[in-house]
Amino acid sequence: MVVNNGERNQYLISDHHEPIIRRHIFDEVQALFSKNNKNNKKKSKGRWKSYPFSGRLVCARCGRNFIRSANGDVVTWRCGSRSKNILLCSMKGIKEEKFKQPLVQAFIERYQIDYSNHSTSQITRLIKELQSAASSREFEQNRFRLDLERALLEENTAILKSSEVSHLTEKRLAVEERMAERESWWEMVDRDYIYRKEALDVLTNLKLVGDPVKQLRQQMENLSFLRAWAVRIEAVSPYLFSITWVSGDKTEIDLTKGVI
Ligand SMILES: [Zn+2]
């Protein structure tokens, strides 16, 4: 080790060794910075912390999202409008447990989970369903793009031929409108990528354990896991929910009757 004692090594140190030391310190500081940033982000989010169903549990009466509030162990979701002013919406608060259990029930029925079947085939099927759901979203968007290109081509050809275009313009606008309607759905599915990735990792690991279905049952208690499939829940009332799955289809749950 070269010691800088202020003598003849000074030049050597400052010009050669020091940058190496600096580089080392620089990397450490960078690592510390990114760690602090993560902590700061968590801190600054504070009460706005995001939960699996933040932005995905929607009040059917006013269209606003539900907001999570916790009192000890009891988690309640309240309509965003009603939270501001009870005159804005008549929707009452919903305990998380109240939609969690029916959500699990709906998941079991929708994805035909059979607890008596202990093979890994169910896990394989869940993996495939999750993967195909994401690719069908891509497929749908591509189909719309093709429809739009075709409509634009027809419209432009008609313009060049000086033909009547109004019906073709209407056709193109209709495609654009349908695309705009689907945009928010695609965006939601894309944003759920992280939940799907985590669920796929969990499922892949489950294939390696002794009783995968038993483990799956435990995983289903985890809202983050269910979020990989349940993209959106609409609360029609505190007793009636409509779940939209990543595959695009819906399941209605009436708490007084079960899955309907
Ligand atoms: Zn509401």
# chains A, B, ... in the order shown; residues from 1 in each chain; ligands from 1
call {"tool": "residues_near_ligand", "arguments": {"ligand": "ligand 1", "cutoff": "9 Å", "atoms": "only C-alpha atoms and all ligand atoms", "output": "MDAnalysis selection string"}}
result
chainID A and resid 58:66 78:83 88:92 235
call {"tool": "write_last_selection", "arguments": {"atoms": "C-alpha atoms", "output": "compact mmCIF listing (two decimals), in the first residue's frame"}}
result
# COMPACT_ATOMS: atom_id res chain seq x y z
CA VAL A 58 -64.19 0.56 -7.81
CA CYS A 59 -67.47 1.96 -6.55
CA ALA A 60 -70.19 1.24 -9.13
CA ARG A 61 -72.40 4.00 -7.71
CA CYS A 62 -70.05 6.92 -8.37
CA GLY A 63 -67.14 5.43 -10.32
CA ARG A 64 -64.50 6.41 -7.77
CA ASN A 65 -61.91 4.05 -6.37
CA PHE A 66 -62.14 2.74 -2.86
CA ARG A 78 -64.21 3.16 1.64
CA CYS A 79 -65.55 4.83 -1.50
CA GLY A 80 -63.32 7.81 -2.36
CA SER A 81 -66.31 10.13 -2.84
CA ARG A 82 -67.99 9.12 0.41
CA SER A 83 -64.66 9.50 2.25
CA LEU A 88 -71.40 12.45 -2.40
CA CYS A 89 -72.06 8.70 -2.49
CA SER A 90 -74.32 6.28 -0.65
CA MET A 91 -71.84 3.35 -0.79
CA LYS A 92 -70.97 2.04 2.66
CA ALA A 235 -68.56 -3.04 -5.89
call {"tool": "residues_around", "arguments": {"residues": "A:Arg150", "least_positions_apart": "4", "cutoff": "12 Å", "atoms": "only C-alpha atoms", "output": "PDB file with C-alpha atoms, in the first residue's frame"}}
result
ATOM      1  CA  ARG A 143     -56.010  -6.726 -34.083  1.00  0.00           C
ATOM      2  CA  PHE A 144     -57.321  -3.224 -33.361  1.00  0.00           C
ATOM      3  CA  ARG A 145     -54.218  -1.690 -34.935  1.00  0.00           C
ATOM      4  CA  LEU A 146     -54.756  -3.746 -38.076  1.00  0.00           C
ATOM      5  CA  GLU A 154     -59.877   2.637 -47.227  1.00  0.00           C
ATOM      6  CA  GLU A 155     -60.515   6.238 -46.195  1.00  0.00           C
ATOM      7  CA  ASN A 156     -57.351   7.535 -47.908  1.00  0.00           C
ATOM      8  CA  THR A 157     -58.032   5.544 -51.065  1.00  0.00           C
ATOM      9  CA  LEU A 168     -65.411   5.438 -44.093  1.00  0.00           C
ATOM     10  CA  THR A 169     -64.476   8.242 -41.702  1.00  0.00           C
ATOM     11  CA  LYS A 171     -65.934   3.514 -39.610  1.00  0.00           C
ATOM     12  CA  ARG A 172     -62.399   4.670 -38.745  1.00  0.00           C
ATOM     13  CA  VAL A 175     -62.405   1.722 -34.457  1.00  0.00           C
TER      14      VAL A 175
END
call {"tool": "residues_around", "arguments": {"residues": "A:Tyr51", "least_positions_apart": "4", "cutoff": "12 Å", "atoms": "only C-alpha atoms", "output": "JSON, numbers by chain"}}
result
{"A": [45, 47, 55, 56, 57, 66, 67, 68, 69, 70, 75, 77, 96, 195, 222, 223, 224, 227]}
call {"tool": "write_last_selection", "arguments": {"atoms": "N, CA and C atoms", "output": "compact mmCIF listing (two decimals), in the first residue's frame"}}
result
# COMPACT_ATOMS: atom_id res chain seq x y z
N LYS A 45 -44.38 8.23 0.29
CA LYS A 45 -45.69 7.69 -0.06
C LYS A 45 -46.62 7.75 1.16
N ARG A 47 -49.09 7.72 3.80
CA ARG A 47 -50.44 7.18 3.83
C ARG A 47 -50.97 6.86 2.43
N GLY A 55 -56.78 1.36 -6.31
CA GLY A 55 -57.09 1.73 -7.70
C GLY A 55 -57.80 0.63 -8.47
N ARG A 56 -58.06 -0.51 -7.83
CA ARG A 56 -58.70 -1.63 -8.54
C ARG A 56 -60.00 -2.09 -7.91
N LEU A 57 -60.37 -1.44 -6.82
CA LEU A 57 -61.67 -1.72 -6.21
C LEU A 57 -62.49 -0.46 -6.45
N PHE A 66 -62.06 2.86 -4.31
CA PHE A 66 -62.14 2.74 -2.86
C PHE A 66 -60.76 3.05 -2.26
N ILE A 67 -60.75 3.57 -1.05
CA ILE A 67 -59.51 3.88 -0.35
C ILE A 67 -59.41 2.99 0.87
N ARG A 68 -58.22 2.46 1.10
CA ARG A 68 -58.03 1.52 2.20
C ARG A 68 -57.79 2.27 3.50
N SER A 69 -58.42 1.80 4.57
CA SER A 69 -58.08 2.34 5.88
C SER A 69 -58.01 1.18 6.86
N ALA A 70 -57.07 1.28 7.80
CA ALA A 70 -56.87 0.18 8.74
C ALA A 70 -57.08 0.67 10.16
N VAL A 75 -59.22 -4.12 8.24
CA VAL A 75 -59.01 -3.27 7.07
C VAL A 75 -60.35 -3.01 6.41
N TRP A 77 -62.33 -0.81 3.24
CA TRP A 77 -62.19 -0.02 2.03
C TRP A 77 -63.41 0.90 1.93
N GLU A 96 -62.23 -5.65 4.24
CA GLU A 96 -61.42 -6.41 3.27
C GLU A 96 -61.78 -7.90 3.29
N TYR A 195 -47.42 -8.39 -10.64
CA TYR A 195 -48.19 -9.41 -9.90
C TYR A 195 -48.13 -10.75 -10.63
N ASN A 222 -53.38 -14.78 -0.01
CA ASN A 222 -52.56 -13.61 -0.24
C ASN A 222 -53.17 -12.75 -1.38
N LEU A 223 -53.58 -11.54 -1.05
CA LEU A 223 -54.25 -10.69 -2.04
C LEU A 223 -53.35 -10.36 -3.24
N SER A 224 -52.04 -10.24 -2.99
CA SER A 224 -51.11 -9.94 -4.10
C SER A 224 -51.11 -11.07 -5.12
N ARG A 227 -54.24 -10.94 -7.17
CA ARG A 227 -54.23 -9.79 -8.08
C ARG A 227 -53.66 -10.12 -9.46
call {"tool": "residues_around", "arguments": {"residues": "stretch 204-215 of chain A", "least_positions_apart": "5", "cutoff": "8 Å", "atoms": "only C-alpha atoms", "output": "list in words"}}
result
Tyr115, Asn117, His118, Ser119, Thr120, Gln122, Ile123, Thr124 and Ile127 of chain A
call {"tool": "closest_residue", "arguments": {"among": "A:Gln105, A:Thr256, A:Arg191, A:Ala134", "to": "A:Tyr239", "atoms": "only C-alpha atoms"}}
result
A:Thr256
call {"tool": "residues_around", "arguments": {"residues": "A:Ile253", "least_positions_apart": "6", "cutoff": "10 Å", "atoms": "only C-alpha atoms", "output": "count of residues only"}}
result
14
call {"tool": "atom_distance", "arguments": {"atom1": "atom CA of A:Lys100", "atom2": "atom CA of A:Lys84"}}
result
24.9 Å
call {"tool": "closest_residue", "arguments": {"among": "A:Glu138, A:Glu97, A:Asp190, A:Asp249", "to": "A:Glu221", "atoms": "only C-alpha atoms"}}
result
A:Glu97
call {"tool": "atom_distance", "arguments": {"atom1": "atom CA of A:Ser132", "atom2": "atom CA of A:Gln112"}}
result
16.6 Å
call {"tool": "select_by_dssp", "arguments": {"residues": "stretch 68-134 of chain A", "states": "strand (DSSP E or B)", "output": "PyMOL selection string"}}
result
chain A and resi 68-71+74-79+94-95
call {"tool": "residues_around", "arguments": {"residues": "A:Leu173", "least_positions_apart": "4", "cutoff": "10 Å", "atoms": "only C-alpha atoms", "output": "list in words"}}
result
Leu148, Ala151, Leu152, His167, Leu168, Thr169, Glu177, Arg178 and Met179 of chain A
call {"tool": "write_last_selection", "arguments": {"atoms": "C-alpha atoms", "output": "compact mmCIF listing (two decimals), in the first residue's frame"}}
result
# COMPACT_ATOMS: atom_id res chain seq x y z
CA LEU A 148 -57.38 0.89 -37.82
CA ALA A 151 -59.89 1.69 -42.13
CA LEU A 152 -57.33 4.45 -42.74
CA HIS A 167 -69.09 6.48 -44.03
CA LEU A 168 -65.41 5.44 -44.09
CA THR A 169 -64.48 8.24 -41.70
CA GLU A 177 -63.32 4.87 -30.16
CA ARG A 178 -63.31 1.15 -29.39
CA MET A 179 -59.52 1.28 -29.08
call {"tool": "residues_around", "arguments": {"residues": "A:Lys128", "least_positions_apart": "6", "cutoff": "12 Å", "atoms": "only C-alpha atoms", "output": "PyMOL selection string"}}
result
chain A and resi 111+121-122+134-136+196+199-200+203-204+247
call {"tool": "select_by_dssp", "arguments": {"residues": "stretch 63-251 of chain A", "states": "helix (DSSP H, G or I)", "output": "ChimeraX atom specification"}}
result
/A:80-84,96-110,121-160,166-191,193-206,212-219,223-227
call {"tool": "closest_residue", "arguments": {"among": "A:Glu234, A:Glu149, A:Glu181, A:Glu164", "to": "A:Lys250", "atoms": "only C-alpha atoms"}}
result
A:Glu234
